[in-house]
Amino acid sequence: MPMPASARPESGASGLSRIIDAAPLVIFLGMLIYIGFNAPNFMSFGTMQLVLNQSVPVVVVCLGLSIVVMAGGDDVVSGGIDLSIPATAVICAGIIAQLVTNTDTPLLLAIALALGAAMFIGIVAGLMVTRLGMTPLLTTLALFVAVVGVTKVVTSSRRINVDDPFIIFLRDGEILGISAGVVITLALVLVFYHFIHRTKWGLNLQAVGGSCEAAEISGLKPGHFLFWAFVIAAFTGFLASFFLLARGSGSSPGTENNLMLEMVLATFLGAAFSPRRVVTLWGAVLGAVLVAALSIGFKTMGVNVFWTGLIKGSLILVVLALAALSSRVKS
Amino acid sequence: MSASVLLMQDIAKTFPGVVALDAASLSVRPGEIHGLVGENGAGKSTIIKVLAGVYHADDGTVSIQDTPVSPVTSEVIHAAGVRFIHQELHLVPHFTVTESVFMGQEITTRLGLSRRLMCARAETFFRDVLDVEINGDILIRDLGTAERKLVQIARALIDDQARLVVFDEPTAPLASGEIEKLFRAIRRLKDRGIAIIYVSHYLSEITDICDRVTVFRNGRDVAVLDKVDENCANELIKAMVGREIDALYPKSGHTRGALVLQAKGLGDTGYFSDISLSAHSGEIVGIAGLIGSGREELIDTLYGLRPARTGEVTLHGKPVRFSSPADAVARGMVLVPRDRRRDGLVLDMSVSENINLASLEEVSCYGIELRNRARERASRQIRELDIRPDNPAIISRQLSGGNQQKTVLARWLATRAAIFLLDEPTVGVDVGAKVEIYQLIENLARNGAAILLSSSDPGELIGMCDRVLVMMRGRITHETSAVGLSIDQLVAMTTGASTQNSAEGHADAR
Amino acid sequence: MSIFRKTAIAGLLASVVFAGSAFAGEHLSLSGKRIGVAVVGTQHFWDREAFNGAVATVEALGGEVMAVDGGRDNQVHADNHDILLAAGVDAVISILGDGAVEPKFEALQDAGIPVFTVDHPSPFSVNNTTSDNYYMGTTIGRYMADAIGGEGKVAVFNAFEGALRICGIRAGLWKYVLADYPGIEIIQPELAEEFANAPEDARKQTLDLLSQYPEGTLDAIHVGCWDQPAIGIVQALEEAGRTDIVVTALDGGPETLEIMAEDGSPFVANVAQQPNLIGSTSAMNVARYFAGETLLPQTYVDVLPVNGQAEAKAVYAELGYGTLD
């Protein structure tokens with residue numbers, strides 16, 4: 001069916017849709033200001049740094065997920081999504097911890113093996129989705145379960161301490177007075193940003209996700225970009241594993257579930273903050289930091305621990321509902 | 001200068017069971033706008049796809065600038081300077097104009113994308129080549145449809161290598177006010193020496209913009225007009241249609257009963273506006289119109305699938321407001337949808353289950369389906385409609401298109417509704433099944449049902465209907481008795497070439 | 001049980017403790033102090049009770065509570081200590097947790113915030129309040145050995161012996177006792193239970209174990225450090241009709257005491273802790289610390305050995321969980 005003439009938005013967005021567009025940001029800023037006035041020490045350099053510190057692993061996996069969403073389109077069911085990234089992060093952490101602590105393998109060799117495992121997962125996901133045409137949501141969910149299973153075998157489902165100086169540096173080190181993890185993550189975000197938004201390859205990847213047909217007409221191969229998006233996503237899982245090891249001073253079983261939840265929330269929340277209303281790198285990063293800030297804020301305010309989950313979940317539903325409402329008002 | 005920029009000769013293409021092209025030829029001279037017209041299935045899009053390298057011709061030759069091209073692949077054709085402007089826009093809504101224009105051919109430096117340079121080039125292109133001002137940083141979704149079309153054109157032409165541009169139904173998504181913008185751009189391209197193939201159903205546009213026209217019918221080029229003006233519309237229609245109404249239709253005059261369905265001032269932003277119509281018991285009312293004329297949306301609105309923004313509908317004199325198809329069905333109005341595979345049939349259910357789907361209350365007792373009653377009912381319908389094979393338990397997917405359509409009809413016949421909305425009831429159905437479906441529709445009317453028949457087949461409308469409403473760009477432009485109406489006249493009305501009523505529909509998209 | 005009722009009970013218990021200590025001539029107060037309470041999770045009875053006991057007592061002593069819950073994720077639990085640090089609380093009570101919290105304790109100590117742990121001995125904590133884990137480990141070892149007649153094959157769920165010191169004590173001493181029974185063999189490799197979803201996970205692992213060890217080749221299943229997996233183990237034994245196999249575990253929460261109290265239950269021995277009292281005692285220790293008293297590194301809270309159905313019913317009543325018939 002040809003595109004109906006009504007798809008043409010009338011001169012500028014209407015007042016209503018502009019209000020709806022601004023609402024998520026207003027709600028979040030409002031919440032943060034409220035928390036700032038009510039939570040002791042919240043508006044302090046220490047807390048800000050804490051927020052950044054705690055959001056580091058989520059930010060890194062969000063980079064991977066946003067790239068997959070950009071390459072595959074933002075339809076949650078049929079579009080691009082990769083739920084296996086947290087599992088990749090956890091298995092890499094497990095491999096490194098197990099080898100370094102329990103078998104005295106040199107750190108570099110352990111890292112190389114972890115990287116190999118991550119690439120294997122990325123390639124499998126990429127091939128299954130692009131070559132076999134499997135649904136990304138189900139494929140990567142199954143991969144998540146499988147990889148977590150293997151992680152349990154590798155670590156015998158036990159906690160393994162790691163005291164390698166490099167990992168300790170990521171945890172406690174500082175660069176220019178700012179936590180090393182935060183600085184390194186910021187550098188990662190900048191590198192990814194350049195790669196996705198400032199290179200031909202990155203722009204083409206976004207085109208493929210935005211409209212598969214448009215990209216094909218322009219001579220681009222959608223499968224190629226989607227495949228590499230999955231590989232890059234697995235790579236971000238590998239990178240995140242270092243921050244997981246640093247944060248936990250080792251590998252603890254069970255960290256993947258929370259990481260996956262926060263990754264998905266932050267990434268799709270980020271879309272509500274981006275001016276183009278699509279998943280972007282900065283949006284995802286901002287989403288991850290805001291989710292961390294809110295949850296720390298609630299804890300600092302002493303909100304009953306039994307209620308925090310409900311408040312967080314409702315806020316996210318509100319933001320997503322507003323995004324859905326905004327696109328309805330526009331059409 | 002060569003005599004032709006494109007010469008396609010004796011192109012043949014056969015699909016299993018269908019001859020799509022049969023020694024068809026097409027010749028385009030340098031710097032001309034060449035129209036390509038024909039009814040649905042005449043072979044227009046097939047020959048364009050052969051040129052694009054999507055289909056490989058069984059026979060025939062293609063030459064560009066007098067150089068034979070073989071094999072015809074999309075790469076070779078692109079290198080030879082042929083560009084295609086598809087009917088669909090295929091743009092990424094959240095990309096900027098610049099990003100869209102340069103998609104796949106971005107300009108980069110060692111540091112990455114040169115956004116500023118690309119933006120400047122895109123804006124210059126719009127200004128110099130297409131004669132419009134478009135800001136390169138604006139998002140596609142903030143553009144009007146006409147501007148989006150121009151972005152699509154810019155994407156095809158930005159590399160400055162184009163010699164021949166094929167426009168496939170370029171005005172289909174545009175409101176009439178926007179068409180002139182597009183035409184101005186197309187004429188500018190012509191002035192720059194670029195040849196253009198213009199494929200369209202709208203004969204008024206063809207006569208307006210084209211220098212020469214080739215008419216296709218039944219897979220061949222049946223006429224070439226070397227001189228085009230407003231007066232040659234009739235000549236075009238004759239060449240396109242070339243047949244009389246055949247004896248497929250059982251029509252034998254109906255007794256018009258009480259007024260059943262009436263709509264006043266019905267409108268939905270951007271799709272149709274100010275639609276008033278009525279249907280009486282025992283009457284078949286046809287709705288004609290090209291794809292995109294608002295015909296499909298109107299039917300969906302009447303049935304409650306889409307909300308109406310303005311206007312009202314009365315049923316048996318009482319105002320009604322359907323918020324869902326279930327409301328419509330409850331009030332005795334049913335729809336046989338155009339895409340039966342998607343909307344009409346549950347393909348993995350048995351024929352019996354499909355037939356009884358809409359009348360489960362009658363075959364169930366306190367919510368429990370009475371299997372025997374259901375099966376008996378289905379068997380009766382299968383016999384009456386001659387659905388083959390006549391096994392109620394067979395899975396619907398295994399039936400032919402015609403028998404699937406009859407299953408959908410059977411379901412609604414089983415409901416004994418008072419009003420039937422039939423949307424393209426015979427698309428993709430073989431002739432034998434068509435005759436049976438026509439007979440069924442006729443029987444419905446004789447039994448006192450009011451029927452709205454929306455169709456793109458002019459013969460079907462004239463053959464079946466008592467009255468025909470013609471829609472164009474979202475409005476009813478003609479209302480006429482089907483008696484004595486010729487196919488030529490009806491085609492002229494739907495394509496905007498009619499002289500009988502010069503008030504061409506100006507759908508207000510606002 | 002509603003949250004309100006639970007808090008009411010906790011408050012009651014706390015006031016009993018408070019009254020008790022007041023009777024001893026102490027005038028303890030946390031008035032004007034903000035005490036961070038970090039708990040690894042509140043899904044399981046033990047964790048929740050220890051948490052409730054600590055919170056209720058801090059409040060009863062006039063202190064303000066800032067509570068953080070790790071949602072049964074050791075990583076989140078560890079991170080929560082950073083929040084307490086940033087919020088600048090006066091002291092931290094940290095309940096359970098694995099090695100990931102150690103660096104956090106160190107950071108708190110560096111910032112001058114005293115850390116009081118529950119069931120987590122640490123060089124950075126002022127005081128660790130815990131049950132007498134040594135007594136628990138040896139007692140359950142003796143009871144189990146008696147229950148299988150001093151010989152046979154034993155499977156053990158023992159995921160945390162290496163990761164948590166208290167589990168090292170409990171499982172280690174259990175093994176120490178068994179070393180004197182040459183007829184008892186611990187099946188290798190030992191089983192590792194999941195932390196977050198223990199009962200269901202243990203049920204599946206037990207079913208696998210039973211198919212591996214047919215009738216007559218397995219005599220007991222022991223849970224080395226707690227009792228949640230035992231719920232799933234008993235389920236699996238009943239499903240497979242193998243209730244001849246003896247089950248033992250530690251902690252003695254109400255769910256497992258109820259299972260023990262059933263007729264013909266394979267769950268024969270347990271050692272019950274008093275989690276609410278432990279949490280409450282830890283909070284009292286905080287107050288003692290601020291009152292300038294010198295605390296010993298470990299405070300032991302009494303445990304109640306449970307051997308057989310009758311004792312299960314008695315202990316259930318004694319701990320105030322209700323009555324079982």
# chains A, B, ... in the order shown; residues from 1 in each chain; ligands from 1

$ residues_around --residues "Val5 of chain B" --least-positions-apart "6" --cutoff "7 Å" --atoms "only C-alpha atoms" --output "list of chain:residue names"
B:Val28, B:Arg29, B:Pro30, B:Ile64, B:Gln65

$ interface_residues --of "chain B" --to "chain A" --cutoff "9 Å" --atoms "only C-alpha atoms" --output "NGL selection string"
:B and (87-95 or 99-100 or 102-108 or 111-115 or 139 or 141-146 or 155-156 or 172-175 or 269-271 or 291-292 or 294 or 509-510)

$ residues_around --residues "segment 90-92 of chain A" --least-positions-apart "2" --cutoff "7 Å" --atoms "only C-alpha atoms" --output "list of chain:residue names"
A:Pro86, A:Ala87, A:Thr88, A:Gly94, A:Ile95, A:Ile96, A:Ala114, A:Ala118, A:Val147, A:Val148, A:Thr151, A:Phe238, A:Ser241, A:Glu256

$ write_last_selection --atoms "N, CA and C atoms" --output "PDB file, in the first residue's frame"
ATOM      1  N   PRO A  86      24.842 -10.009  28.711  1.00  0.00           N
ATOM      2  CA  PRO A  86      25.219 -10.199  30.120  1.00  0.00           C
ATOM      3  C   PRO A  86      25.782 -11.587  30.380  1.00  0.00           C
ATOM      4  N   ALA A  87      25.246 -12.594  29.694  1.00  0.00           N
ATOM      5  CA  ALA A  87      25.773 -13.951  29.870  1.00  0.00           C
ATOM      6  C   ALA A  87      27.206 -14.015  29.371  1.00  0.00           C
ATOM      7  N   THR A  88      27.480 -13.338  28.244  1.00  0.00           N
ATOM      8  CA  THR A  88      28.843 -13.291  27.724  1.00  0.00           C
ATOM      9  C   THR A  88      29.775 -12.640  28.752  1.00  0.00           C
ATOM     10  N   GLY A  94      33.917 -15.383  34.572  1.00  0.00           N
ATOM     11  CA  GLY A  94      34.117 -16.701  35.163  1.00  0.00           C
ATOM     12  C   GLY A  94      35.396 -17.350  34.666  1.00  0.00           C
ATOM     13  N   ILE A  95      35.624 -17.287  33.349  1.00  0.00           N
ATOM     14  CA  ILE A  95      36.818 -17.914  32.768  1.00  0.00           C
ATOM     15  C   ILE A  95      38.074 -17.265  33.337  1.00  0.00           C
ATOM     16  N   ILE A  96      38.072 -15.925  33.355  1.00  0.00           N
ATOM     17  CA  ILE A  96      39.273 -15.234  33.840  1.00  0.00           C
ATOM     18  C   ILE A  96      39.510 -15.563  35.315  1.00  0.00           C
ATOM     19  N   ALA A 114      39.080 -15.819  27.237  1.00  0.00           N
ATOM     20  CA  ALA A 114      37.766 -15.218  27.441  1.00  0.00           C
ATOM     21  C   ALA A 114      37.311 -14.516  26.168  1.00  0.00           C
ATOM     22  N   ALA A 118      33.953 -15.134  23.937  1.00  0.00           N
ATOM     23  CA  ALA A 118      33.007 -14.061  23.606  1.00  0.00           C
ATOM     24  C   ALA A 118      32.777 -14.006  22.099  1.00  0.00           C
ATOM     25  N   VAL A 147      24.668 -20.134  27.843  1.00  0.00           N
ATOM     26  CA  VAL A 147      25.970 -19.608  28.263  1.00  0.00           C
ATOM     27  C   VAL A 147      26.056 -19.556  29.791  1.00  0.00           C
ATOM     28  N   VAL A 148      24.955 -19.166  30.446  1.00  0.00           N
ATOM     29  CA  VAL A 148      24.956 -19.150  31.912  1.00  0.00           C
ATOM     30  C   VAL A 148      25.186 -20.573  32.435  1.00  0.00           C
ATOM     31  N   THR A 151      28.743 -21.308  32.206  1.00  0.00           N
ATOM     32  CA  THR A 151      29.446 -20.563  33.254  1.00  0.00           C
ATOM     33  C   THR A 151      29.421 -21.333  34.569  1.00  0.00           C
ATOM     34  N   PHE A 238      32.489  -8.975  26.646  1.00  0.00           N
ATOM     35  CA  PHE A 238      33.861  -9.285  27.064  1.00  0.00           C
ATOM     36  C   PHE A 238      34.453  -8.115  27.855  1.00  0.00           C
ATOM     37  N   SER A 241      33.146  -7.720  31.338  1.00  0.00           N
ATOM     38  CA  SER A 241      33.551  -8.730  32.315  1.00  0.00           C
ATOM     39  C   SER A 241      34.646  -8.186  33.242  1.00  0.00           C
ATOM     40  N   GLU A 256      24.185 -12.234  36.349  1.00  0.00           N
ATOM     41  CA  GLU A 256      23.712 -11.975  34.978  1.00  0.00           C
ATOM     42  C   GLU A 256      22.271 -11.472  34.928  1.00  0.00           C
TER      43      GLU A 256
END

$ atom_distance --atom1 "atom CA of Ala89 of chain A" --atom2 "atom CA of Val162 of chain A"
15.7 Å

$ residues_around --residues "segment 177-183 of chain C" --least-positions-apart "5" --cutoff "8 Å" --atoms "only C-alpha atoms" --output "list in words"
Thr138, Gly141, Arg142, Ala145, Gly150, Glu151 and Gly152 of chain C

$ write_last_selection --atoms "C-alpha atoms" --output "PDB file, in the first residue's frame"
ATOM      1  CA  THR C 138      30.122 -30.823  65.108  1.00  0.00           C
ATOM      2  CA  GLY C 141      28.015 -34.289  62.161  1.00  0.00           C
ATOM      3  CA  ARG C 142      27.285 -36.438  65.213  1.00  0.00           C
ATOM      4  CA  ALA C 145      26.408 -40.221  61.723  1.00  0.00           C
ATOM      5  CA  GLY C 150      27.777 -44.843  61.632  1.00  0.00           C
ATOM      6  CA  GLU C 151      28.362 -46.008  58.067  1.00  0.00           C
ATOM      7  CA  GLY C 152      27.198 -45.419  54.509  1.00  0.00           C
TER       8      GLY C 152
END

$ residues_around --residues "Phe116 of chain C" --least-positions-apart "3" --cutoff "8 Å" --atoms "only C-alpha atoms" --output "list in words"
Ala91, Val92, Ile93, Ser94, Ser125, Val126, Asn127, Asn128, Thr129, Ser282 and Val286 of chain C

$ residues_around --residues "segment 168-173 of chain C" --least-positions-apart "6" --cutoff "8 Å" --atoms "only C-alpha atoms" --output "mmCIF file with N, CA and C atoms, in the first residue's frame"
data_model
loop_
_atom_site.group_PDB
_atom_site.id
_atom_site.type_symbol
_atom_site.label_atom_id
_atom_site.label_comp_id
_atom_site.auth_asym_id
_atom_site.auth_seq_id
_atom_site.Cartn_x
_atom_site.Cartn_y
_atom_site.Cartn_z
ATOM 1 N N ASN C 133 29.003 -21.460 65.268
ATOM 2 C CA ASN C 133 29.125 -22.308 64.095
ATOM 3 C C ASN C 133 29.920 -23.586 64.370
ATOM 4 N N TYR C 134 30.851 -23.481 65.319
ATOM 5 C CA TYR C 134 31.664 -24.665 65.639
ATOM 6 C C TYR C 134 30.762 -25.751 66.222
ATOM 7 N N MET C 136 27.540 -25.942 65.851
ATOM 8 C CA MET C 136 26.596 -26.383 64.823
ATOM 9 C C MET C 136 27.211 -27.481 63.965
ATOM 10 N N GLY C 137 28.456 -27.234 63.508
ATOM 11 C CA GLY C 137 29.106 -28.177 62.597
ATOM 12 C C GLY C 137 29.328 -29.532 63.245
ATOM 13 N N THR C 138 29.841 -29.528 64.474
ATOM 14 C CA THR C 138 30.122 -30.823 65.108
ATOM 15 C C THR C 138 28.827 -31.544 65.482
ATOM 16 N N GLY C 141 27.207 -33.141 62.569
ATOM 17 C CA GLY C 141 28.015 -34.289 62.161
ATOM 18 C C GLY C 141 27.674 -35.513 63.009
ATOM 19 N N ASN C 158 27.459 -28.268 49.041
ATOM 20 C CA ASN C 158 28.509 -27.554 49.751
ATOM 21 C C ASN C 158 29.116 -26.455 48.883
ATOM 22 N N PHE C 160 29.404 -23.291 49.351
ATOM 23 C CA PHE C 160 29.953 -22.072 49.940
ATOM 24 C C PHE C 160 31.109 -22.297 50.919
ATOM 25 N N GLU C 161 31.563 -23.557 51.034
ATOM 26 C CA GLU C 161 32.618 -23.833 52.011
ATOM 27 C C GLU C 161 33.837 -22.947 51.762
ATOM 28 N N GLY C 162 34.170 -22.775 50.451
ATOM 29 C CA GLY C 162 35.361 -21.975 50.149
ATOM 30 C C GLY C 162 35.099 -20.487 50.116
ATOM 31 N N GLY C 224 25.489 -28.393 53.672
ATOM 32 C CA GLY C 224 26.619 -28.027 54.503
ATOM 33 C C GLY C 224 26.459 -26.756 55.315
ATOM 34 N N CYS C 225 25.657 -25.811 54.856
ATOM 35 C CA CYS C 225 25.726 -24.513 55.511
ATOM 36 C C CYS C 225 24.383 -23.864 55.822
#

$ select_by_dssp --residues "segment 269-363 of chain B" --states "strand (DSSP E)" --output "MDAnalysis selection string"
chainID B and resid 272:280 284:288 310:315 318:320 333:336

$ write_last_selection --atoms "C-alpha atoms" --output "CSV table (one decimal), in the first residue's frame"
chain,number,residue,atom,x,y,z
B,272,PHE,CA,-10.7,10.4,2.6
B,273,SER,CA,-13.1,13.2,3.3
B,274,ASP,CA,-16.7,14.2,2.9
B,275,ILE,CA,-17.9,10.8,1.9
B,276,SER,CA,-21.7,10.4,1.7
B,277,LEU,CA,-23.2,7.2,0.4
B,278,SER,CA,-26.3,5.0,0.8
B,279,ALA,CA,-27.2,1.4,0.1
B,280,HIS,CA,-30.6,-0.1,-0.1
B,284,ILE,CA,-25.4,-3.8,-5.1
B,285,VAL,CA,-23.4,-0.6,-4.9
B,286,GLY,CA,-19.9,-0.5,-6.5
B,287,ILE,CA,-17.0,1.5,-5.3
B,288,ALA,CA,-14.3,2.2,-7.9
B,310,THR,CA,-15.9,13.2,11.0
B,311,GLY,CA,-19.3,12.3,9.8
B,312,GLU,CA,-21.9,9.7,10.8
B,313,VAL,CA,-23.2,6.4,9.8
B,314,THR,CA,-26.8,5.3,10.1
B,315,LEU,CA,-28.1,1.7,9.9
B,318,LYS,CA,-30.5,4.8,13.4
B,319,PRO,CA,-27.1,6.4,14.0
B,320,VAL,CA,-24.4,3.9,14.9
B,333,MET,CA,-22.9,-6.0,8.8
B,334,VAL,CA,-20.0,-8.2,7.7
B,335,LEU,CA,-16.8,-7.7,5.7
B,336,VAL,CA,-15.2,-10.1,3.2

$ select_by_dssp --residues "segment 8-208 of chain C" --states "helix (DSSP H, G or I)" --output "PyMOL selection string"
chain C and resi 8-23+45-60+74-87+99-110+133-147+165-178+198-208

$ closest_atom_pairs --of "chain A" --to "chain C" --cutoff "6 Å" --atoms "only C-alpha atoms" --output "Markdown table"
| residue | atom | partner | partner_atom | distance |
| --- | --- | --- | --- | --- |
| A:Pro40 | CA | C:Ala87 | CA | 5.8 |
| A:Asn41 | CA | C:Ala87 | CA | 5.3 |
| A:Gly46 | CA | C:Ala86 | CA | 6.0 |
| A:Thr47 | CA | C:Ala86 | CA | 5.5 |
| A:Arg158 | CA | C:Ala159 | CA | 5.9 |
| A:Arg159 | CA | C:Ala163 | CA | 5.9 |
| A:Gly248 | CA | C:Ala100 | CA | 4.6 |
| A:Ser249 | CA | C:Ala100 | CA | 5.4 |
| A:Lys299 | CA | C:Val68 | CA | 6.0 |
| A:Gly302 | CA | C:Met66 | CA | 5.1 |
| A:Val305 | CA | C:Asp69 | CA | 6.0 |
